[in-house]
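Data block for work_23.cif (mmCIF, C-alpha atoms):
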```
data_target
loop_
_atom_site.label_atom_id
_atom_site.label_comp_id
_atom_site.auth_asym_id
_atom_site.auth_seq_id
_atom_site.Cartn_x
_atom_site.Cartn_y
_atom_site.Cartn_z
CA MET A 11 -23.32 -10.69 11.96
CA ILE A 12 -22.18 -10.10 8.39
CA PRO A 13 -22.96 -6.55 7.22
CA HIS A 14 -24.71 -6.17 3.91
CA ARG A 15 -23.91 -3.80 1.13
CA THR A 16 -27.18 -1.95 1.75
CA GLU A 17 -26.04 -0.86 5.19
CA PRO A 18 -24.67 2.66 5.08
CA GLU A 19 -21.02 3.31 5.79
CA VAL A 20 -19.76 -0.13 6.69
CA ASP A 21 -16.48 0.28 8.54
CA GLU A 22 -14.27 -1.87 6.38
CA ALA A 23 -11.19 -1.16 8.47
CA ARG A 24 -12.94 -2.55 11.53
CA LEU A 25 -14.07 -5.60 9.56
CA ILE A 26 -10.50 -6.24 8.44
CA GLN A 27 -9.27 -6.07 12.02
CA GLU A 28 -11.86 -8.61 13.10
CA ILE A 29 -11.03 -10.92 10.20
CA ARG A 30 -7.37 -10.74 11.16
CA GLY A 31 -8.47 -11.74 14.63
CA GLY A 32 -9.96 -14.95 13.25
CA LYS A 33 -13.51 -14.06 12.20
CA THR A 34 -13.22 -15.45 8.70
CA GLU A 35 -16.94 -15.34 8.01
CA LEU A 36 -16.87 -11.55 7.99
CA PHE A 37 -14.81 -11.73 4.79
CA GLU A 38 -18.07 -12.61 3.05
CA TYR A 39 -18.97 -8.92 3.08
CA PHE A 40 -16.07 -8.13 0.76
CA VAL A 41 -16.89 -11.03 -1.54
CA ARG A 42 -20.53 -9.94 -1.91
CA GLN A 43 -19.53 -6.34 -2.34
CA TYR A 44 -16.75 -6.61 -4.90
CA GLN A 45 -16.79 -9.94 -6.73
CA LYS A 46 -18.89 -8.64 -9.61
CA LYS A 47 -16.62 -5.67 -10.24
CA ILE A 48 -13.44 -7.73 -9.92
CA THR A 49 -14.76 -10.34 -12.34
CA ARG A 50 -15.67 -7.65 -14.87
CA ILE A 51 -12.22 -6.11 -14.68
CA ALA A 52 -10.58 -9.52 -14.99
CA PHE A 53 -12.70 -10.27 -18.06
CA ARG A 54 -11.58 -7.06 -19.72
CA PHE A 55 -8.02 -8.34 -19.44
CA LEU A 56 -8.48 -12.03 -20.06
CA ARG A 57 -11.43 -12.03 -22.52
CA ASP A 58 -12.69 -15.37 -21.18
CA ALA A 59 -15.53 -15.80 -18.67
CA GLY A 60 -14.10 -18.93 -17.03
CA GLU A 61 -10.68 -17.38 -16.58
CA ALA A 62 -12.25 -14.20 -15.27
CA ASP A 63 -14.12 -16.18 -12.58
CA CYS A 64 -10.90 -17.98 -11.72
CA ALA A 65 -9.03 -14.67 -11.52
CA ALA A 66 -11.66 -13.17 -9.24
CA GLN A 67 -11.64 -16.14 -6.87
CA GLU A 68 -7.84 -16.22 -6.81
CA SER A 69 -7.73 -12.48 -6.11
CA PHE A 70 -10.00 -12.84 -3.10
CA LEU A 71 -7.95 -15.78 -1.84
CA ARG A 72 -4.73 -13.83 -2.12
CA ALA A 73 -6.31 -10.85 -0.40
CA TYR A 74 -7.52 -13.06 2.45
CA GLN A 75 -4.17 -14.80 2.85
CA SER A 76 -2.20 -11.57 2.82
CA LEU A 77 -4.65 -9.47 4.84
CA ASP A 78 -1.93 -8.75 7.37
CA SER A 79 -0.03 -6.78 4.73
CA PHE A 80 -3.00 -4.54 3.88
CA ARG A 81 -2.16 -0.95 4.76
CA GLU A 82 -4.78 1.28 6.33
CA GLY A 83 -4.07 4.22 3.98
CA SER A 84 -5.57 2.47 0.96
CA THR A 85 -9.09 1.20 0.40
CA PHE A 86 -9.72 -2.53 0.31
CA GLU A 87 -11.38 -2.18 -3.10
CA THR A 88 -8.33 -0.52 -4.66
CA TRP A 89 -5.97 -3.04 -3.08
CA LEU A 90 -8.09 -5.97 -4.24
CA THR A 91 -8.37 -4.55 -7.77
CA ARG A 92 -4.63 -4.20 -7.92
CA ILE A 93 -4.18 -7.81 -6.84
CA CYS A 94 -6.58 -8.84 -9.61
CA ILE A 95 -4.86 -6.80 -12.31
CA ASN A 96 -1.44 -8.15 -11.31
CA TRP A 97 -2.79 -11.70 -11.41
CA CYS A 98 -4.26 -11.08 -14.86
CA LYS A 99 -1.00 -9.63 -16.13
CA ASP A 100 0.87 -12.71 -14.93
CA ARG A 101 -1.72 -14.92 -16.54
CA LEU A 102 -1.45 -13.08 -19.82
CA LYS A 103 2.32 -13.33 -19.77
CA ARG A 104 2.01 -17.05 -19.34
CA ARG A 105 -0.44 -17.25 -22.20
CA ARG A 106 1.88 -15.08 -24.30
CA LEU A 107 -0.91 -12.90 -25.51
CA VAL A 108 -0.73 -9.24 -26.23
CA LEU A 109 -1.40 -7.43 -22.99
CA TYR A 110 -4.70 -5.85 -22.19
CA PHE A 111 -7.49 -5.65 -24.69
CA HIS A 112 -5.91 -6.08 -28.08
CA GLN A 113 -8.45 -8.66 -29.19
CA GLY A 114 -12.14 -8.02 -29.21
CA PRO A 115 -14.51 -10.19 -27.19
CA ARG A 116 -15.70 -13.47 -28.55
CA ARG A 117 -19.04 -12.85 -30.13
CA GLU A 118 -21.11 -15.20 -27.97
CA ALA A 119 -24.47 -13.58 -28.60
CA GLU A 120 -26.65 -13.58 -31.64
CA GLU A 121 -28.17 -10.33 -32.75
CA GLY A 122 -31.32 -11.12 -30.84
CA GLU A 123 -29.42 -11.63 -27.59
CA ALA A 124 -27.67 -8.30 -27.65
CA PRO A 125 -27.74 -6.47 -24.33
CA GLN A 126 -30.69 -4.24 -23.73
CA GLU A 127 -29.83 -0.83 -25.02
CA LEU A 128 -29.99 1.84 -22.38
CA ALA A 129 -32.73 4.02 -23.82
CA SER A 130 -31.80 7.64 -24.01
CA SER A 131 -35.45 8.48 -24.17
CA ALA A 132 -38.78 6.80 -23.72
CA ASP A 133 -38.92 5.91 -27.44
CA PRO A 134 -36.71 2.88 -28.29
CA SER A 135 -37.74 2.86 -31.92
CA PRO A 136 -35.94 0.66 -34.47
CA GLU A 137 -34.39 3.75 -36.00
CA ARG A 138 -32.98 4.81 -32.66
CA ARG A 139 -31.62 1.34 -32.06
CA ALA A 140 -29.98 1.33 -35.45
CA ALA A 141 -28.46 4.74 -34.75
CA GLY A 142 -27.16 3.47 -31.43
CA ARG A 143 -25.60 0.41 -33.08
CA GLU A 144 -23.91 2.60 -35.64
CA ILE A 145 -22.46 4.85 -32.95
CA ARG A 146 -21.13 1.83 -31.10
CA GLU A 147 -19.50 0.45 -34.23
CA ARG A 148 -17.75 3.74 -34.87
CA LEU A 149 -16.66 3.97 -31.27
CA ARG A 150 -15.37 0.41 -31.26
CA ALA A 151 -13.35 1.05 -34.42
CA ALA A 152 -11.85 4.17 -32.86
CA ILE A 153 -11.09 2.58 -29.48
CA ASP A 154 -9.36 -0.37 -31.18
CA LEU A 155 -6.70 2.02 -32.42
CA LEU A 156 -5.58 2.93 -28.92
CA SER A 157 -2.43 1.50 -27.39
CA PRO A 158 -3.03 -1.26 -24.82
CA ARG A 159 -2.33 1.03 -21.89
CA GLN A 160 -4.48 3.88 -23.24
CA ARG A 161 -7.27 1.43 -23.94
CA SER A 162 -7.15 -0.13 -20.51
CA ILE A 163 -7.22 3.25 -18.79
CA PHE A 164 -10.00 4.49 -21.06
CA VAL A 165 -12.04 1.35 -20.36
CA MET A 166 -11.53 1.59 -16.61
CA LYS A 167 -12.59 5.25 -16.65
CA HIS A 168 -15.56 5.17 -19.01
CA PHE A 169 -16.77 1.55 -18.96
CA GLU A 170 -16.06 0.60 -15.36
CA GLU A 171 -16.65 4.17 -14.16
CA MET A 172 -13.62 4.19 -11.93
CA SER A 173 -12.28 7.47 -10.63
CA ILE A 174 -8.83 8.81 -11.47
CA PRO A 175 -7.48 8.06 -7.97
CA GLU A 176 -8.88 4.52 -8.21
CA ILE A 177 -7.22 3.94 -11.57
CA ALA A 178 -3.98 5.38 -10.20
CA GLY A 179 -4.20 3.07 -7.22
CA VAL A 180 -4.69 -0.10 -9.24
CA THR A 181 -2.20 0.67 -11.98
CA GLY A 182 0.52 2.18 -9.84
CA LEU A 183 0.63 5.27 -12.07
CA ASP A 184 0.18 8.75 -10.67
CA SER A 185 -2.97 10.76 -11.36
CA GLY A 186 -1.21 13.11 -13.76
CA THR A 187 -0.08 10.22 -15.92
CA ILE A 188 -3.59 8.76 -15.89
CA LYS A 189 -5.06 12.05 -17.04
CA SER A 190 -2.42 12.32 -19.73
CA HIS A 191 -3.30 8.88 -21.06
CA LEU A 192 -7.00 9.74 -20.97
CA PHE A 193 -6.40 12.97 -22.84
CA ARG A 194 -4.36 11.25 -25.52
CA ALA A 195 -6.87 8.45 -25.83
CA ALA A 196 -9.72 10.90 -26.21
CA HIS A 197 -7.73 12.89 -28.77
CA LYS A 198 -7.02 9.78 -30.83
CA ILE A 199 -10.64 8.69 -30.73
CA ARG A 200 -11.90 12.10 -31.71
CA LYS A 201 -9.49 12.23 -34.63
CA ARG A 202 -10.59 8.79 -35.76
CA LEU A 203 -14.26 9.75 -35.48
CA CYS A 204 -13.61 12.82 -37.62
CA ASP A 205 -11.91 10.66 -40.23
CA LEU A 206 -14.78 8.18 -40.21
CA GLN A 207 -17.39 10.87 -40.47
CA ALA A 208 -15.52 12.52 -43.33
CA MET B 8 -16.41 22.84 -29.78
CA ASP B 9 -19.00 25.22 -31.02
CA THR B 10 -20.08 27.56 -28.26
CA THR B 11 -21.17 30.59 -30.21
CA ASN B 12 -24.87 31.32 -30.28
CA ASP B 13 -25.33 32.11 -33.95
CA LEU B 14 -23.75 29.07 -35.59
CA PRO B 15 -26.52 26.74 -36.75
CA LYS B 16 -24.43 23.67 -37.55
CA HIS B 17 -24.90 20.60 -35.46
CA LEU B 18 -22.27 19.03 -33.26
CA ASP B 19 -20.02 16.51 -34.97
CA ASP B 20 -19.22 13.03 -33.65
CA ALA B 21 -15.90 14.07 -32.18
CA THR B 22 -17.53 16.84 -30.19
CA LEU B 23 -20.38 14.62 -29.09
CA PHE B 24 -17.86 12.01 -27.99
CA ALA B 25 -15.89 14.60 -26.01
CA LEU B 26 -19.06 15.81 -24.32
CA ALA B 27 -20.12 12.23 -23.57
CA THR B 28 -16.78 11.42 -21.94
CA PRO B 29 -15.79 14.39 -19.84
CA ALA B 30 -12.46 14.17 -18.05
CA ALA B 31 -12.81 13.47 -14.34
CA GLY B 32 -12.99 16.50 -12.13
CA GLU B 33 -13.95 18.81 -14.98
CA PRO B 34 -17.55 19.88 -15.35
CA GLU B 35 -19.21 19.30 -18.68
CA ALA B 36 -18.78 22.44 -20.75
CA LEU B 37 -21.99 22.02 -22.67
CA PRO B 38 -22.18 24.43 -25.55
CA GLY B 39 -25.16 26.74 -25.67
CA HIS B 40 -26.21 25.05 -28.89
CA LEU B 41 -27.45 22.01 -26.95
CA SER B 42 -30.01 24.08 -25.08
CA ARG B 43 -31.47 25.24 -28.40
CA CYS B 44 -31.07 22.12 -30.57
CA SER B 45 -33.10 19.14 -29.50
CA SER B 46 -31.50 17.06 -32.27
CA CYS B 47 -28.00 17.54 -30.86
CA ALA B 48 -29.22 17.11 -27.30
CA ARG B 49 -30.74 13.79 -28.33
CA ALA B 50 -27.57 12.85 -30.20
CA LEU B 51 -25.51 13.53 -27.06
CA ALA B 52 -27.81 11.31 -25.04
CA GLU B 53 -27.38 8.57 -27.64
CA TRP B 54 -23.60 8.87 -27.48
CA LYS B 55 -23.68 8.57 -23.71
CA SER B 56 -25.92 5.56 -23.97
CA ALA B 57 -23.71 4.05 -26.69
CA ILE B 58 -20.65 4.32 -24.48
CA ARG B 59 -22.40 2.58 -21.60
CA THR B 60 -23.81 -0.11 -23.89
CA LEU B 61 -20.45 -0.65 -25.61
CA GLY B 62 -18.91 -1.21 -22.21
CA GLU B 63 -21.52 -3.85 -21.45
CA GLU B 64 -21.25 -5.45 -24.88
CA GLU B 65 -17.55 -5.97 -24.42
CA LEU B 66 -18.28 -7.99 -21.29
CA GLY B 67 -20.22 -10.57 -23.28
CA ALA B 68 -21.71 -13.32 -21.10
CA ILE B 69 -20.26 -11.77 -17.94
CA GLY B 70 -22.33 -8.66 -18.54
CA ARG B 71 -25.53 -10.70 -18.96
CA ARG B 72 -25.05 -12.90 -15.91
CA SER B 73 -28.11 -13.24 -13.67
CA PRO B 74 -28.11 -12.26 -9.99
CA GLU B 75 -28.44 -15.97 -9.13
CA ALA B 76 -25.34 -16.80 -11.14
CA TRP B 77 -23.41 -14.03 -9.42
CA ARG B 78 -24.57 -15.33 -6.06
CA ALA B 79 -23.34 -18.81 -6.96
CA ALA B 80 -19.93 -17.44 -7.98
CA GLU B 81 -19.70 -15.54 -4.69
CA ASP B 82 -20.66 -18.69 -2.76
CA ALA B 83 -17.88 -20.60 -4.53
CA THR B 84 -15.37 -17.91 -3.60
CA MET B 85 -16.46 -17.97 0.02
CA ALA B 86 -16.16 -21.76 0.08
CA ALA B 87 -12.57 -21.43 -1.13
CA ILE B 88 -11.90 -18.85 1.59
CA ARG B 89 -13.24 -21.21 4.26
CA ARG B 90 -11.06 -24.07 2.97
CA ALA B 91 -8.04 -21.79 3.10
CA SER B 92 -8.98 -20.77 6.63
CA ARG B 93 -9.21 -24.41 7.75
CA ARG B 94 -5.85 -25.23 6.17
CA ARG B 95 -4.32 -22.28 7.96
CA GLY B 96 -5.80 -23.56 11.19
CA ILE B 97 -4.04 -26.90 10.69
CA VAL B 98 -0.78 -25.64 9.30
CA ARG B 99 0.01 -23.24 12.16
CA PRO B 100 -0.10 -25.86 14.97
CA LEU B 101 1.78 -28.26 12.71
CA ARG B 102 4.60 -25.77 12.35
CA TRP B 103 4.86 -25.46 16.11
CA ALA B 104 4.82 -29.24 16.49
CA VAL B 105 7.62 -29.67 13.94
CA GLY B 106 9.73 -27.06 15.69
CA ILE B 107 9.26 -28.66 19.09
CA ALA B 108 9.99 -32.13 17.69
CA ALA B 109 13.17 -30.89 16.06
CA SER B 110 14.34 -29.30 19.32
CA LEU B 111 13.66 -32.50 21.25
CA LEU B 112 15.55 -34.54 18.67
CA ILE B 113 18.57 -32.29 18.92
CA LEU B 114 18.52 -32.55 22.71
CA ALA B 115 18.13 -36.31 22.53
CA LEU B 116 21.22 -36.56 20.35
CA ALA B 117 23.29 -34.00 22.22
CA ILE B 118 22.93 -35.26 25.80
CA PRO B 119 24.21 -38.84 25.26
CA ALA B 120 27.12 -37.44 23.25
CA ARG B 121 28.21 -35.31 26.17
CA ARG B 122 27.92 -38.28 28.51
CA ARG B 123 30.10 -40.36 26.18
CA GLU B 124 32.79 -37.66 26.29
CA ARG B 125 32.99 -37.82 30.07
CA ARG B 126 33.06 -41.68 30.23
CA PRO B 127 36.56 -43.32 29.53
CA SER B 128 36.90 -45.43 26.45
CA PRO B 129 36.23 -49.16 26.65
CA ALA B 130 39.81 -49.90 25.49
CA ALA B 131 41.30 -47.72 28.23
CA SER B 132 38.98 -49.24 30.81
CA ALA B 133 39.87 -52.76 29.72
CA SER B 134 43.57 -52.00 29.92
CA GLN B 135 43.21 -50.48 33.38
CA ALA B 136 41.18 -53.45 34.61
CA GLU B 137 43.76 -55.87 33.32
CA GLU B 138 46.55 -53.96 34.98
CA ASN B 139 44.81 -53.89 38.32
CA ALA B 140 44.46 -57.67 38.19
CA LEU B 141 48.28 -58.19 38.14
CA PRO B 142 50.34 -58.70 41.37
CA VAL B 143 52.27 -55.67 42.52
CA ALA B 144 55.69 -56.92 41.40
CA ASP B 145 54.35 -57.89 37.99
CA ARG B 146 52.68 -54.53 37.73
CA ALA B 147 56.08 -52.86 38.03
CA ASP B 148 57.57 -55.15 35.36
CA ASP B 149 54.63 -54.48 33.15
CA ALA B 150 55.08 -50.74 33.54
CA LEU B 151 58.79 -51.04 32.74
CA LEU B 152 58.06 -53.01 29.63
CA LYS B 153 55.53 -50.40 28.51
CA ASP B 154 58.06 -47.61 29.02
CA ALA B 155 60.66 -49.50 27.02
CA GLU B 156 58.20 -50.00 24.25
CA PHE B 157 57.34 -46.29 24.29
CA LEU B 158 61.03 -45.35 24.04
CA ALA B 159 61.57 -47.85 21.24
CA ARG B 160 58.80 -46.17 19.27
CA GLY B 161 60.67 -42.90 19.49
CA GLY B 162 59.07 -41.25 22.41
CA ASP B 163 61.12 -38.46 24.01
CA THR B 164 59.80 -38.30 27.47
CA LEU B 165 58.17 -40.90 29.55
CA PRO B 166 54.66 -40.08 30.57
CA ASP B 167 55.26 -41.43 34.05
CA LEU B 168 58.61 -42.26 35.63
CA VAL B 169 58.71 -45.70 37.12
CA PRO B 170 59.80 -45.51 40.72
CA GLU B 171 63.31 -47.03 41.12
CA ASP B 172 62.43 -48.93 44.24
CA SER B 173 59.87 -50.93 42.24
CA LEU B 174 62.49 -52.32 39.87
#
```

Mind turning the file's structure into structure tokens?
Amino acid sequence: MIPHRTEPEVDEARLIQEIRGGKTELFEYFVRQYQKKITRIAFRFLRDAGEADCAAQESFLRAYQSLDSFREGSTFETWLTRICINWCKDRLKRRRLVLYFHQGPRREAEEGEAPQELASSADPSPERRAAGREIRERLRAAIDLLSPRQRSIFVMKHFEEMSIPEIAGVTGLDSGTIKSHLFRAAHKIRKRLCDLQA
Amino acid sequence: MDTTNDLPKHLDDATLFALATPAAGEPEALPGHLSRCSSCARALAEWKSAIRTLGEEELGAIGRRSPEAWRAAEDATMAAIRRASRRRGIVRPLRWAVGIAASLLILALAIPARRRERRPSPAASASQAEENALPVADRADDALLKDAEFLARGGDTLPDLVPEDSL
């Protein structure tokens, strides 16, 4: 029986052992659990929905085919994310684009199709929405000034809500370096916000 | 960051941003001003919301994908996994079969070669058969002629001495 993400404390190590033993269908648990996150991360690198889907599928395939090399000390999620990021980096090299998120996303949506703003209160008035849009514009302008690495780490931390150890695991950098990049990124953004406000 | 109680000024964008994005492992050091200023408290909430929304905006269509669409993408991934699993199920036995076939081929070539080494050559066999067909006296003459020929070619020692009583 394939465990579902709602079941508490699924023993992923046990699942991996059983998949190695030939129970391929159990791999579905990992696909259901992590495909959305992996696709989102891939999109942040590749800036194309189709390529992001391709990257996610390829990442799961590589993870399945090299499951024997998965070490027990790491989590499957971290290992899979690292596979995805490495695949995206290779893809970007082949496309000869600037790494990471130098370009903004293609504006696919009209103003009316903008994502639902997460209301900070029970009153989503037009003025509040306008204020929220303005904040986002200022933030976007400030974040665009970051270096590719700072931006990617900032995005993983504050947009994907990954922890420092998770970011360290997928990037191969140590936690101290991650924190240093986060600090510098925050410092740059704050400085830019001060300049904009002035 | 303004933490003194008697400063009335509101928090600037940089401070609001820093409060909205606390470093991991560090608790939010909310200034006392927020507990007294509803305007700044609301502004902080808006900054937090703006950061989450900006993250979603950057995802574009991916961020707006329906649960059904995600399910379909997951199904496609699982289908690819199953195809890979079936290919692996075929490839492994094939590898064994190729190895066994190669071993059998090597054996098939090696055994006849060893047998050919042990068997005398057709030319030597033909010569021996011809010799055995001659009468005894002629056999001796034939041997003498062969020895003479050998010596004429420059041979130093005769391989076999012809018995004198046969001459």

Discussion item. On this structure, the PyMOL selection byres ((chain B) within 10 of (chain A)) would catch which residues? List them as a ChimeraX atom specification, sorted by chain and number.
Written reply: /B:19-25,27-32,49-72,74,77-78,80-89,91-93,95-96

Kindly list the centre and edge lengths in Å, rounded to one decimal, for the axis-aligned box that covers all listed atoms of segment 184-191 of chain A plus 5 Å on each of its six sides, as JSON.
```
{"center_x": -2.4, "center_y": 10.9, "center_z": -15.9, "size_x": 15.2, "size_y": 14.4, "size_z": 20.4}
```

Discussion item. I need the output of the PyMOL selection byres ((chain A and resi 93) around 9) for this file as a PyMOL selection string; which residues are they?
Written reply: chain A and resi 69-70+72-73+88-92+94-98+180

Discussion item. For a test of reading the model, state the distance in Å between atom CA of Leu77 of chain A and atom CA of Asp184 of chain A, rounded to one decimal.
Written reply: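 Those two atoms sit 24.4 Å apart.
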
Item to complete: Kindly give the distance, in Å, that separates atom CA of Ser185 of chain A and atom CA of Gln27 of chain A, rounded to a single decimal.
Response: 29.5 Å

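Rounded to one decimal, atom CA of Ser157 of chain A and atom CA of Leu26 of chain B lie 22.2 Å from each other.
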
Which neighbours of His17 of chain B fall inside 10 Å, counting only C-alpha atoms, when residues of the same chain fewer than 6 positions from it are skipped, and could you give them as an mmCIF file with C-alpha atoms, in the frame of the given file?
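The resulting file, around.cif, is shown below:
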```cif
data_model
loop_
_atom_site.group_PDB
_atom_site.id
_atom_site.type_symbol
_atom_site.label_atom_id
_atom_site.label_comp_id
_atom_site.auth_asym_id
_atom_site.auth_seq_id
_atom_site.Cartn_x
_atom_site.Cartn_y
_atom_site.Cartn_z
ATOM 1 C CA ASP B 9 -19.000 25.220 -31.020
ATOM 2 C CA LEU B 23 -20.380 14.620 -29.090
ATOM 3 C CA HIS B 40 -26.210 25.050 -28.890
ATOM 4 C CA LEU B 41 -27.450 22.010 -26.950
ATOM 5 C CA CYS B 44 -31.070 22.120 -30.570
ATOM 6 C CA SER B 46 -31.500 17.060 -32.270
ATOM 7 C CA CYS B 47 -28.000 17.540 -30.860
ATOM 8 C CA ALA B 48 -29.220 17.110 -27.300
ATOM 9 C CA ALA B 50 -27.570 12.850 -30.200
#
```

Generate the missing atoms of segment 30-42 of chain A up to N, CA and C atoms and report them as an mmCIF file, in the frame of the given file.
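Printed below is part26.cif as written:
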```
data_model
loop_
_atom_site.group_PDB
_atom_site.id
_atom_site.type_symbol
_atom_site.label_atom_id
_atom_site.label_comp_id
_atom_site.auth_asym_id
_atom_site.auth_seq_id
_atom_site.Cartn_x
_atom_site.Cartn_y
_atom_site.Cartn_z
ATOM 1 N N ARG A 30 -8.732 -10.401 10.744
ATOM 2 C CA ARG A 30 -7.370 -10.740 11.160
ATOM 3 C C ARG A 30 -7.381 -11.457 12.500
ATOM 4 N N GLY A 31 -8.371 -11.108 13.322
ATOM 5 C CA GLY A 31 -8.470 -11.740 14.630
ATOM 6 C C GLY A 31 -9.077 -13.133 14.591
ATOM 7 N N GLY A 32 -9.474 -13.583 13.374
ATOM 8 C CA GLY A 32 -9.960 -14.950 13.250
ATOM 9 C C GLY A 32 -11.404 -15.091 12.783
ATOM 10 N N LYS A 33 -12.110 -13.973 12.618
ATOM 11 C CA LYS A 33 -13.510 -14.060 12.200
ATOM 12 C C LYS A 33 -13.606 -14.116 10.685
ATOM 13 N N THR A 34 -13.283 -15.267 10.158
ATOM 14 C CA THR A 34 -13.220 -15.450 8.700
ATOM 15 C C THR A 34 -14.540 -15.159 8.007
ATOM 16 N N GLU A 35 -15.628 -15.490 8.651
ATOM 17 C CA GLU A 35 -16.940 -15.340 8.010
ATOM 18 C C GLU A 35 -17.229 -13.894 7.625
ATOM 19 N N LEU A 36 -16.622 -12.951 8.314
ATOM 20 C CA LEU A 36 -16.870 -11.550 7.990
ATOM 21 C C LEU A 36 -16.304 -11.173 6.618
ATOM 22 N N PHE A 37 -15.389 -12.003 6.105
ATOM 23 C CA PHE A 37 -14.810 -11.730 4.790
ATOM 24 C C PHE A 37 -15.885 -11.812 3.701
ATOM 25 N N GLU A 38 -16.986 -12.478 4.019
ATOM 26 C CA GLU A 38 -18.070 -12.610 3.050
ATOM 27 C C GLU A 38 -18.582 -11.241 2.583
ATOM 28 N N TYR A 39 -18.522 -10.275 3.466
ATOM 29 C CA TYR A 39 -18.970 -8.920 3.080
ATOM 30 C C TYR A 39 -18.208 -8.443 1.847
ATOM 31 N N PHE A 40 -16.884 -8.613 1.871
ATOM 32 C CA PHE A 40 -16.070 -8.130 0.760
ATOM 33 C C PHE A 40 -16.349 -8.909 -0.518
ATOM 34 N N VAL A 41 -16.594 -10.200 -0.368
ATOM 35 C CA VAL A 41 -16.890 -11.030 -1.540
ATOM 36 C C VAL A 41 -18.192 -10.565 -2.194
ATOM 37 N N ARG A 42 -19.230 -10.375 -1.368
ATOM 38 C CA ARG A 42 -20.530 -9.940 -1.910
ATOM 39 C C ARG A 42 -20.425 -8.545 -2.514
#
```
